[in-house]
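Worksheet for the structure shown next.
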Amino acid sequence: MYFSQLALSLHKIGGVSEVKMKKRIFHFVLLSTCTIFAKTIYTTTMIKKIASIILLLLTAMIAQAQTGFDKTVNQMIEEMAPGWNLGNTMEAGNNANNFTNKGGLGTETWWQQTKTTQEIIDYVKSMGFKSVRIPCAWVMGHISDASTYTIDAQWIARVKEIVDYCINDGLYVIINDHWDGGWLENHIADTDVNTINNNKNILHTLWTQIATAFQDYDEHLLFAGLNEPNADNLNATYNLVQYEQVFINAVRATGGNNAQRVLVVQGPSTNIDHTCNFMKDNMPEDTAEGRLMIEVHYYNPWQFWGMEKDESWGKVFYYWGEGNHQPGSQHNATWGEEEDMKSQLMKMKTHFVDKGIPVIIGEFGANWRNISNIAGESQEKHNASIKAHYRELHRLCKELGGMAPYVWDINVANQGGTKGIMTLINRSNRSIYCTYAMEGINEIYPRQDQTGIDETPSDIQTTSPTIYNLQGMKVSEMSNLCNLPAGIYLKNGKKFVKQ
C-alpha cells in the first residue's frame, strides 16, 4: 500500500505514469539492497533472514510494478462515467469480406468520413467524457490468413494507435468484437455442435491475439468480448455464456496484465429484461476475483429513439419526459419515460451492481429530429425532450451507482428531417452537433470549464498540445501559446488562464 502511495505521489509531482514510477522505485530498492550487501558483512543466519524479508517485499513490489491494477471494479466504474462511443468507425465494413483482408485501413471512414486523431479525442475529453468505447471489427475484412484466423498486423496497429490517443488523455478505453459481420453475433443460438465448437475456436484465436497485442496496457484498458449477441431465451443464453467463458479463458491465458484486466461480458441481446431473467444467476466464471463487468444497452422507447415514420401499429414519439409533451399532438410518448427508465436500471442494480458486478450501459441515445416544418408540432419541446432523455439516464446511473453510460455517436451531421440522427459530436470540425444532448449530459457530469480553472501554469508542456477556446474550437498549439491573447482556454479538458 505504501509503495503504491509513494509511486502515486511521485507520479503527480514528476509527471511520470504511476506504473513507470513503481518500476523505478523497485529498481532503486533492488540497487540499494545490492549495495548494502556489498559493503556489509553478515552472518549466514542474518543474510537468510534479511533475504527472506526482502524477497517478500520485492515480490509484492514486482507484482504492482508490472500490473498497475490497484483499483477495484467498483472504484473504476465511478471514474468511467460519462462514456462516449467512437461509433461507425473501427467496426465499419462489409460482411461480404468476412474472413478476408479486403477491408483494410480504409474501412475506418466507410460509414463516416473523419479519420480519428489525437485532437478529436482531446476534444471528447474536453467535453467531460471520462472513457471511450471503441467498437471494433476483426473478422470483417481484417484477417490476413483465413486458415489460422490471423488478424492483420496493420489493423491491430491502427486500433492501438487510437487506444493510445485515449490513454494519452488519461481516459479509460473499452475495445470489443463488435457486430463484426455477424460471424458470431448472428449465430449465438445455433445448436449444431460442430458449429459451436468451430465458433469457440475462432473466438479463442481472435481474443488470444488481441489480448497479446494489448498485454502491456494497464487498468485503463478493458476488453469486451462481444457486442449485441442475439439471444432471447434461456437456451440461447446458455450458448452465450459458453462463448463468453471462451473469451475470458483466452484473455486470462495470455498472462501478464491480462491476468487481472477487467473484462466485460454482454447480457443476451444486451437487453435488460433478458439479462436479468436469464443471466442473473448464470454468469461465466473467472480465475480473477472481482474483475468482471456486465454490459447492456438502453434504447427505449423505440418510437422515440429510432422509429423513422408512423406505422399502422403506432406513432413516432417526438416528445419525451415530464413537461415536454405537446398538447394535441399524436406524437407524445405513451410509455418508456422516466419511471420506466428507472425501473429498468433498478433491475440491473438489484441483480448485478448490488452483487459486486458493475454495469456498462454500452450504448444509449435517441435520434434528434427536425420537425420545425410540421404544423402543430414543437421543435422546442422536441429539443427539450432530447435533453431530458440524455440527462435522466445519466442522472439515474450516477444516483444508483455502479453504472457507466456510453452515448452512441455516429458522426453524421445531417438530421435527415423527421428521421433524425444520433450524432453528438461533429468530428470534422470538433464541435457539438446536438447541443441539447450535450447539455443534458453536462448537467449531471459537468465539463472542467463548467466547474473551475486549472491552476497548472500555462507554459507546462503536455502530451496533448492542442488548445481550445471555451466554445470548443481549436485556437492554437502549445508551440504557439505565446501568440494567444490573454484569456481562459481549454487544455487536456481543463481550463487555464493565459496572462
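Each chain in the C-alpha cells gets a letter, A, B and so on, in the order shown; residues start at 1 in every chain, and ligands are counted from 1 in the order they appear.
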
From segment 339-370 of chain A, collect each residue whose DSSP state is strand (DSSP E or B) and return the set as a ChimeraX atom specification. /A:359-364,368

Take the residues from that selection and write them out as a tab-separated table (two decimals), in the first residue's frame, keeping N, CA, C and O atoms.
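Full text of part.tsv as output:
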chain	number	residue	atom	x	y	z
A	359	VAL	N	-22.10	-2.26	-14.03
A	359	VAL	CA	-22.84	-2.33	-15.29
A	359	VAL	C	-22.33	-1.27	-16.27
A	359	VAL	O	-22.23	-0.09	-15.93
A	360	ILE	N	-22.01	-1.71	-17.46
A	360	ILE	CA	-21.69	-0.83	-18.57
A	360	ILE	C	-22.95	-0.68	-19.43
A	360	ILE	O	-23.45	-1.67	-19.97
A	361	ILE	N	-23.49	0.54	-19.51
A	361	ILE	CA	-24.55	0.81	-20.48
A	361	ILE	C	-23.82	1.16	-21.77
A	361	ILE	O	-23.55	2.32	-22.08
A	362	GLY	N	-23.47	0.15	-22.53
A	362	GLY	CA	-22.52	0.30	-23.64
A	362	GLY	C	-22.98	1.19	-24.76
A	362	GLY	O	-22.15	1.77	-25.47
A	363	GLU	N	-24.30	1.30	-24.95
A	363	GLU	CA	-24.85	2.19	-25.97
A	363	GLU	C	-26.15	2.80	-25.45
A	363	GLU	O	-26.93	2.12	-24.78
A	364	PHE	N	-26.34	4.05	-25.80
A	364	PHE	CA	-27.53	4.78	-25.39
A	364	PHE	C	-27.66	6.01	-26.27
A	364	PHE	O	-26.67	6.61	-26.66
A	368	TRP	N	-32.13	12.85	-32.85
A	368	TRP	CA	-32.54	14.25	-32.81
A	368	TRP	C	-33.12	14.61	-34.17
A	368	TRP	O	-32.46	14.49	-35.20

If you count only C-alpha atoms, which residues fall within 10 Å of Leu171 of chain A, apart from same-chain ones fewer than 4 positions away, as a PyMOL selection string? chain A and resi 79-80+83+121-122+125+129-132+163-167+220-221

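Using only C-alpha atoms, the shortest contact distance between Asn197 of chain A and any of A:Met341, A:Ala404, A:Ile386, A:Leu184 is found at A:Leu184.
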
Residues near segment 99-109 of chain A, cut-off 10 Å, only C-alpha atoms, skip fewer than 6 positions along chain, as an MDAnalysis selection string: chainID A and resid 88:93 115:116 136:147 149:152 154:156 158:159 181 183

Would you write out those residues with C-alpha atoms, as a PDB file, in the first residue's frame?
ATOM      1  CA  ASN A  88     -19.416   3.737 -37.033  1.00  0.00           C
ATOM      2  CA  THR A  89     -15.633   3.861 -37.252  1.00  0.00           C
ATOM      3  CA  MET A  90     -13.404   0.893 -36.402  1.00  0.00           C
ATOM      4  CA  GLU A  91     -16.353  -1.523 -36.651  1.00  0.00           C
ATOM      5  CA  ALA A  92     -17.286  -0.424 -40.187  1.00  0.00           C
ATOM      6  CA  GLY A  93     -17.083  -2.740 -43.183  1.00  0.00           C
ATOM      7  CA  LYS A 115     -10.235   9.710 -39.575  1.00  0.00           C
ATOM      8  CA  THR A 116      -9.692   9.580 -35.828  1.00  0.00           C
ATOM      9  CA  CYS A 136     -14.028  -2.955 -33.474  1.00  0.00           C
ATOM     10  CA  ALA A 137     -14.289  -5.332 -36.397  1.00  0.00           C
ATOM     11  CA  TRP A 138     -11.657  -8.046 -36.772  1.00  0.00           C
ATOM     12  CA  VAL A 139     -13.148 -10.841 -38.875  1.00  0.00           C
ATOM     13  CA  MET A 140     -14.922  -8.437 -41.261  1.00  0.00           C
ATOM     14  CA  GLY A 141     -12.142  -7.563 -43.676  1.00  0.00           C
ATOM     15  CA  HIS A 142      -9.089  -7.749 -41.411  1.00  0.00           C
ATOM     16  CA  ILE A 143      -7.992 -11.402 -41.483  1.00  0.00           C
ATOM     17  CA  SER A 144      -4.645 -11.824 -43.235  1.00  0.00           C
ATOM     18  CA  ASP A 145      -4.683 -15.648 -43.087  1.00  0.00           C
ATOM     19  CA  ALA A 146      -8.082 -17.331 -43.012  1.00  0.00           C
ATOM     20  CA  SER A 147      -6.594 -20.749 -42.277  1.00  0.00           C
ATOM     21  CA  TYR A 149      -7.690 -16.618 -38.354  1.00  0.00           C
ATOM     22  CA  THR A 150      -4.715 -14.269 -38.143  1.00  0.00           C
ATOM     23  CA  ILE A 151      -5.653 -10.624 -37.653  1.00  0.00           C
ATOM     24  CA  ASP A 152      -3.918  -8.176 -39.980  1.00  0.00           C
ATOM     25  CA  GLN A 154      -1.609  -3.137 -39.655  1.00  0.00           C
ATOM     26  CA  TRP A 155      -5.183  -3.195 -38.409  1.00  0.00           C
ATOM     27  CA  ILE A 156      -4.132  -4.091 -34.870  1.00  0.00           C
ATOM     28  CA  ARG A 158      -4.227   1.226 -36.039  1.00  0.00           C
ATOM     29  CA  VAL A 159      -6.543   0.172 -33.207  1.00  0.00           C
ATOM     30  CA  GLY A 181     -20.065  -9.063 -39.985  1.00  0.00           C
ATOM     31  CA  TRP A 183     -19.929 -14.075 -37.805  1.00  0.00           C
TER      32      TRP A 183
END

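One distance worth recording is that between atom CA of Gly321 of chain A and atom CA of Met346 of chain A, which is 18.5 Å.
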
Set out as a Markdown table a contact list for segment 62-168 of chain A and segment 285-295 of chain A with a cut-off of 10 Å, giving each residue of segment 62-168 of chain A that qualifies its closest atom pair and distance in Å to one decimal, counting only C-alpha atoms, ordered by chain and rising residue number.
| residue | atom | partner | partner_atom | distance |
| --- | --- | --- | --- | --- |
| A:Thr72 | CA | A:Gly290 | CA | 7.5 |
| A:Val73 | CA | A:Arg291 | CA | 6.3 |
| A:Asn74 | CA | A:Gly290 | CA | 9.2 |
| A:Ile77 | CA | A:Met293 | CA | 9.0 |

Run DSSP on the backbone and tell me which residues of segment 158-302 of chain A come out as helix (DSSP H, G or I); list them as a ChimeraX atom specification. /A:158-168,180-182,185-187,193-213,234-253,256-259,268-270,272-278,302

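A straight line drawn from atom CA of Ala384 of chain A to atom CA of Pro405 of chain A is 20.0 Å long.
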
With only C-alpha atoms as the counted atoms, please give the residues lying no more than 12 Å from Gly416 of chain A, apart from itself and same-chain residues fewer than 2 positions off, as a PDB file with all heavy atoms, in the first residue's frame.
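Full text of result24.pdb as output:
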ATOM      1  N   GLU A 308     -38.551   5.727 -37.566  1.00  0.00           N
ATOM      2  CA  GLU A 308     -38.390   6.803 -38.537  1.00  0.00           C
ATOM      3  C   GLU A 308     -39.708   7.362 -39.069  1.00  0.00           C
ATOM      4  O   GLU A 308     -39.747   8.515 -39.509  1.00  0.00           O
ATOM      5  CB  GLU A 308     -37.528   6.324 -39.710  1.00  0.00           C
ATOM      6  CG  GLU A 308     -36.092   5.999 -39.288  1.00  0.00           C
ATOM      7  CD  GLU A 308     -35.215   5.620 -40.456  1.00  0.00           C
ATOM      8  OE1 GLU A 308     -35.764   5.421 -41.580  1.00  0.00           O
ATOM      9  OE2 GLU A 308     -33.982   5.527 -40.274  1.00  0.00           O
ATOM     10  N   ASN A 367     -32.562   9.663 -31.583  1.00  0.00           N
ATOM     11  CA  ASN A 367     -32.434  10.462 -32.794  1.00  0.00           C
ATOM     12  C   ASN A 367     -32.982  11.871 -32.590  1.00  0.00           C
ATOM     13  O   ASN A 367     -34.129  12.051 -32.180  1.00  0.00           O
ATOM     14  CB  ASN A 367     -33.183   9.793 -33.955  1.00  0.00           C
ATOM     15  CG  ASN A 367     -32.408   8.641 -34.551  1.00  0.00           C
ATOM     16  OD1 ASN A 367     -31.226   8.462 -34.282  1.00  0.00           O
ATOM     17  ND2 ASN A 367     -33.079   7.842 -35.369  1.00  0.00           N
ATOM     18  N   TRP A 368     -32.127  12.846 -32.854  1.00  0.00           N
ATOM     19  CA  TRP A 368     -32.537  14.252 -32.814  1.00  0.00           C
ATOM     20  C   TRP A 368     -33.124  14.609 -34.173  1.00  0.00           C
ATOM     21  O   TRP A 368     -32.459  14.494 -35.195  1.00  0.00           O
ATOM     22  CB  TRP A 368     -31.324  15.121 -32.483  1.00  0.00           C
ATOM     23  CG  TRP A 368     -31.615  16.590 -32.437  1.00  0.00           C
ATOM     24  CD1 TRP A 368     -32.701  17.197 -31.883  1.00  0.00           C
ATOM     25  CD2 TRP A 368     -30.789  17.631 -32.972  1.00  0.00           C
ATOM     26  NE1 TRP A 368     -32.609  18.557 -32.031  1.00  0.00           N
ATOM     27  CE2 TRP A 368     -31.442  18.853 -32.694  1.00  0.00           C
ATOM     28  CE3 TRP A 368     -29.563  17.655 -33.643  1.00  0.00           C
ATOM     29  CZ2 TRP A 368     -30.908  20.088 -33.084  1.00  0.00           C
ATOM     30  CZ3 TRP A 368     -29.025  18.874 -34.022  1.00  0.00           C
ATOM     31  CH2 TRP A 368     -29.696  20.069 -33.738  1.00  0.00           C
ATOM     32  N   ARG A 369     -34.394  15.042 -34.190  1.00  0.00           N
ATOM     33  CA  ARG A 369     -35.148  15.216 -35.429  1.00  0.00           C
ATOM     34  C   ARG A 369     -35.399  16.693 -35.734  1.00  0.00           C
ATOM     35  O   ARG A 369     -35.388  17.542 -34.836  1.00  0.00           O
ATOM     36  CB  ARG A 369     -36.495  14.483 -35.326  1.00  0.00           C
ATOM     37  CG  ARG A 369     -36.376  13.032 -34.869  1.00  0.00           C
ATOM     38  CD  ARG A 369     -37.738  12.472 -34.450  1.00  0.00           C
ATOM     39  NE  ARG A 369     -37.625  11.193 -33.760  1.00  0.00           N
ATOM     40  CZ  ARG A 369     -37.684  10.002 -34.355  1.00  0.00           C
ATOM     41  NH1 ARG A 369     -37.874   9.929 -35.667  1.00  0.00           N
ATOM     42  NH2 ARG A 369     -37.562   8.893 -33.657  1.00  0.00           N
ATOM     43  N   ASN A 370     -35.675  16.957 -36.995  1.00  0.00           N
ATOM     44  CA  ASN A 370     -36.097  18.291 -37.410  1.00  0.00           C
ATOM     45  C   ASN A 370     -37.589  18.228 -37.738  1.00  0.00           C
ATOM     46  O   ASN A 370     -37.992  17.709 -38.773  1.00  0.00           O
ATOM     47  CB  ASN A 370     -35.308  18.744 -38.636  1.00  0.00           C
ATOM     48  CG  ASN A 370     -35.637  20.170 -39.035  1.00  0.00           C
ATOM     49  OD1 ASN A 370     -36.623  20.755 -38.564  1.00  0.00           O
ATOM     50  ND2 ASN A 370     -34.829  20.749 -39.916  1.00  0.00           N
ATOM     51  N   ILE A 371     -38.390  18.755 -36.833  1.00  0.00           N
ATOM     52  CA  ILE A 371     -39.851  18.750 -37.024  1.00  0.00           C
ATOM     53  C   ILE A 371     -40.382  20.175 -37.119  1.00  0.00           C
ATOM     54  O   ILE A 371     -41.573  20.427 -36.945  1.00  0.00           O
ATOM     55  CB  ILE A 371     -40.559  18.000 -35.889  1.00  0.00           C
ATOM     56  CG1 ILE A 371     -40.273  18.661 -34.533  1.00  0.00           C
ATOM     57  CG2 ILE A 371     -40.124  16.529 -35.861  1.00  0.00           C
ATOM     58  CD1 ILE A 371     -41.116  18.085 -33.398  1.00  0.00           C
ATOM     59  N   VAL A 412     -22.480  11.817 -38.197  1.00  0.00           N
ATOM     60  CA  VAL A 412     -23.171  12.220 -39.427  1.00  0.00           C
ATOM     61  C   VAL A 412     -23.941  13.493 -39.105  1.00  0.00           C
ATOM     62  O   VAL A 412     -24.921  13.460 -38.360  1.00  0.00           O
ATOM     63  CB  VAL A 412     -24.134  11.132 -39.936  1.00  0.00           C
ATOM     64  CG1 VAL A 412     -24.905  11.634 -41.157  1.00  0.00           C
ATOM     65  CG2 VAL A 412     -23.368   9.858 -40.277  1.00  0.00           C
ATOM     66  N   ALA A 413     -23.488  14.621 -39.642  1.00  0.00           N
ATOM     67  CA  ALA A 413     -24.071  15.918 -39.299  1.00  0.00           C
ATOM     68  C   ALA A 413     -25.211  16.267 -40.241  1.00  0.00           C
ATOM     69  O   ALA A 413     -25.164  17.259 -40.988  1.00  0.00           O
ATOM     70  CB  ALA A 413     -22.988  16.994 -39.318  1.00  0.00           C
ATOM     71  N   ASN A 414     -26.251  15.452 -40.203  1.00  0.00           N
ATOM     72  CA  ASN A 414     -27.431  15.676 -41.042  1.00  0.00           C
ATOM     73  C   ASN A 414     -28.623  15.003 -40.380  1.00  0.00           C
ATOM     74  O   ASN A 414     -28.664  13.777 -40.282  1.00  0.00           O
ATOM     75  CB  ASN A 414     -27.205  15.102 -42.443  1.00  0.00           C
ATOM     76  CG  ASN A 414     -28.352  15.400 -43.389  1.00  0.00           C
ATOM     77  OD1 ASN A 414     -29.441  15.794 -42.961  1.00  0.00           O
ATOM     78  ND2 ASN A 414     -28.124  15.217 -44.674  1.00  0.00           N
ATOM     79  N   THR A 418     -37.401  14.475 -40.355  1.00  0.00           N
ATOM     80  CA  THR A 418     -38.062  13.879 -39.186  1.00  0.00           C
ATOM     81  C   THR A 418     -37.457  12.536 -38.795  1.00  0.00           C
ATOM     82  O   THR A 418     -37.747  12.026 -37.712  1.00  0.00           O
ATOM     83  CB  THR A 418     -39.561  13.696 -39.465  1.00  0.00           C
ATOM     84  OG1 THR A 418     -39.731  12.831 -40.593  1.00  0.00           O
ATOM     85  CG2 THR A 418     -40.236  15.042 -39.740  1.00  0.00           C
ATOM     86  N   LYS A 419     -36.625  11.948 -39.653  1.00  0.00           N
ATOM     87  CA  LYS A 419     -35.983  10.682 -39.296  1.00  0.00           C
ATOM     88  C   LYS A 419     -35.013  10.880 -38.139  1.00  0.00           C
ATOM     89  O   LYS A 419     -34.889  10.034 -37.256  1.00  0.00           O
ATOM     90  CB  LYS A 419     -35.234  10.099 -40.499  1.00  0.00           C
ATOM     91  CG  LYS A 419     -36.128   9.593 -41.613  1.00  0.00           C
ATOM     92  CD  LYS A 419     -35.289   9.001 -42.744  1.00  0.00           C
ATOM     93  CE  LYS A 419     -36.168   8.456 -43.859  1.00  0.00           C
ATOM     94  NZ  LYS A 419     -35.357   7.869 -44.958  1.00  0.00           N
ATOM     95  N   GLY A 420     -34.302  11.982 -38.175  1.00  0.00           N
ATOM     96  CA  GLY A 420     -33.356  12.278 -37.104  1.00  0.00           C
ATOM     97  C   GLY A 420     -32.032  11.554 -37.247  1.00  0.00           C
ATOM     98  O   GLY A 420     -31.863  10.704 -38.127  1.00  0.00           O
ATOM     99  N   ILE A 421     -31.094  11.916 -36.379  1.00  0.00           N
ATOM    100  CA  ILE A 421     -29.767  11.313 -36.399  1.00  0.00           C
ATOM    101  C   ILE A 421     -29.224  11.251 -34.982  1.00  0.00           C
ATOM    102  O   ILE A 421     -29.520  12.104 -34.150  1.00  0.00           O
ATOM    103  CB  ILE A 421     -28.809  12.116 -37.320  1.00  0.00           C
ATOM    104  CG1 ILE A 421     -27.620  11.265 -37.749  1.00  0.00           C
ATOM    105  CG2 ILE A 421     -28.370  13.401 -36.660  1.00  0.00           C
ATOM    106  CD1 ILE A 421     -27.980  10.173 -38.720  1.00  0.00           C
ATOM    107  N   MET A 422     -28.397  10.241 -34.713  1.00  0.00           N
ATOM    108  CA  MET A 422     -27.819  10.065 -33.384  1.00  0.00           C
ATOM    109  C   MET A 422     -26.358  10.494 -33.397  1.00  0.00           C
ATOM    110  O   MET A 422     -25.448   9.695 -33.198  1.00  0.00           O
ATOM    111  CB  MET A 422     -27.961   8.611 -32.926  1.00  0.00           C
ATOM    112  CG  MET A 422     -28.053   8.438 -31.416  1.00  0.00           C
ATOM    113  SD  MET A 422     -28.342   6.723 -30.911  1.00  0.00           S
ATOM    114  CE  MET A 422     -29.945   6.403 -31.656  1.00  0.00           C
ATOM    115  N   THR A 423     -26.154  11.789 -33.642  1.00  0.00           N
ATOM    116  CA  THR A 423     -24.812  12.357 -33.661  1.00  0.00           C
ATOM    117  C   THR A 423     -24.711  13.412 -32.575  1.00  0.00           C
ATOM    118  O   THR A 423     -25.529  14.329 -32.516  1.00  0.00           O
ATOM    119  CB  THR A 423     -24.489  12.987 -35.025  1.00  0.00           C
ATOM    120  OG1 THR A 423     -24.419  11.954 -36.007  1.00  0.00           O
ATOM    121  CG2 THR A 423     -23.157  13.732 -34.990  1.00  0.00           C
TER     122      THR A 423
END

Given the choices A:Ile357, A:Ile248, A:Ile120, A:Ile174, which gets closest to Phe214 of chain A if the distance is worked out from only C-alpha atoms? A:Ile174

Select, from A:Gly417, A:Leu226, A:Ala81, A:Asp180, the residue with the minimum atom-to-atom distance to Leu396 of chain A, counting only C-alpha atoms. A:Ala81

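Within the 12 Å cut-off around Ile188 of chain A, using only C-alpha atoms and omitting residues fewer than 5 positions from it on the same chain, the listed residues are Gly182, Trp183, Thr195, Ile196, Asn197, Asn199, Lys200, Leu226, Asn227, Glu228, Pro229, Asn230, Ala231, Asp232, Asn233, Leu234, Asn235, Ala236, Thr237, Tyr238, Asn239, Leu240, Val241, Gln242, Tyr243, Glu244, Pro268 and Ser269 of chain A.
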
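As for atom CA of Glu311 of chain A and atom CA of Ser329 of chain A, they are spaced 15.8 Å apart.
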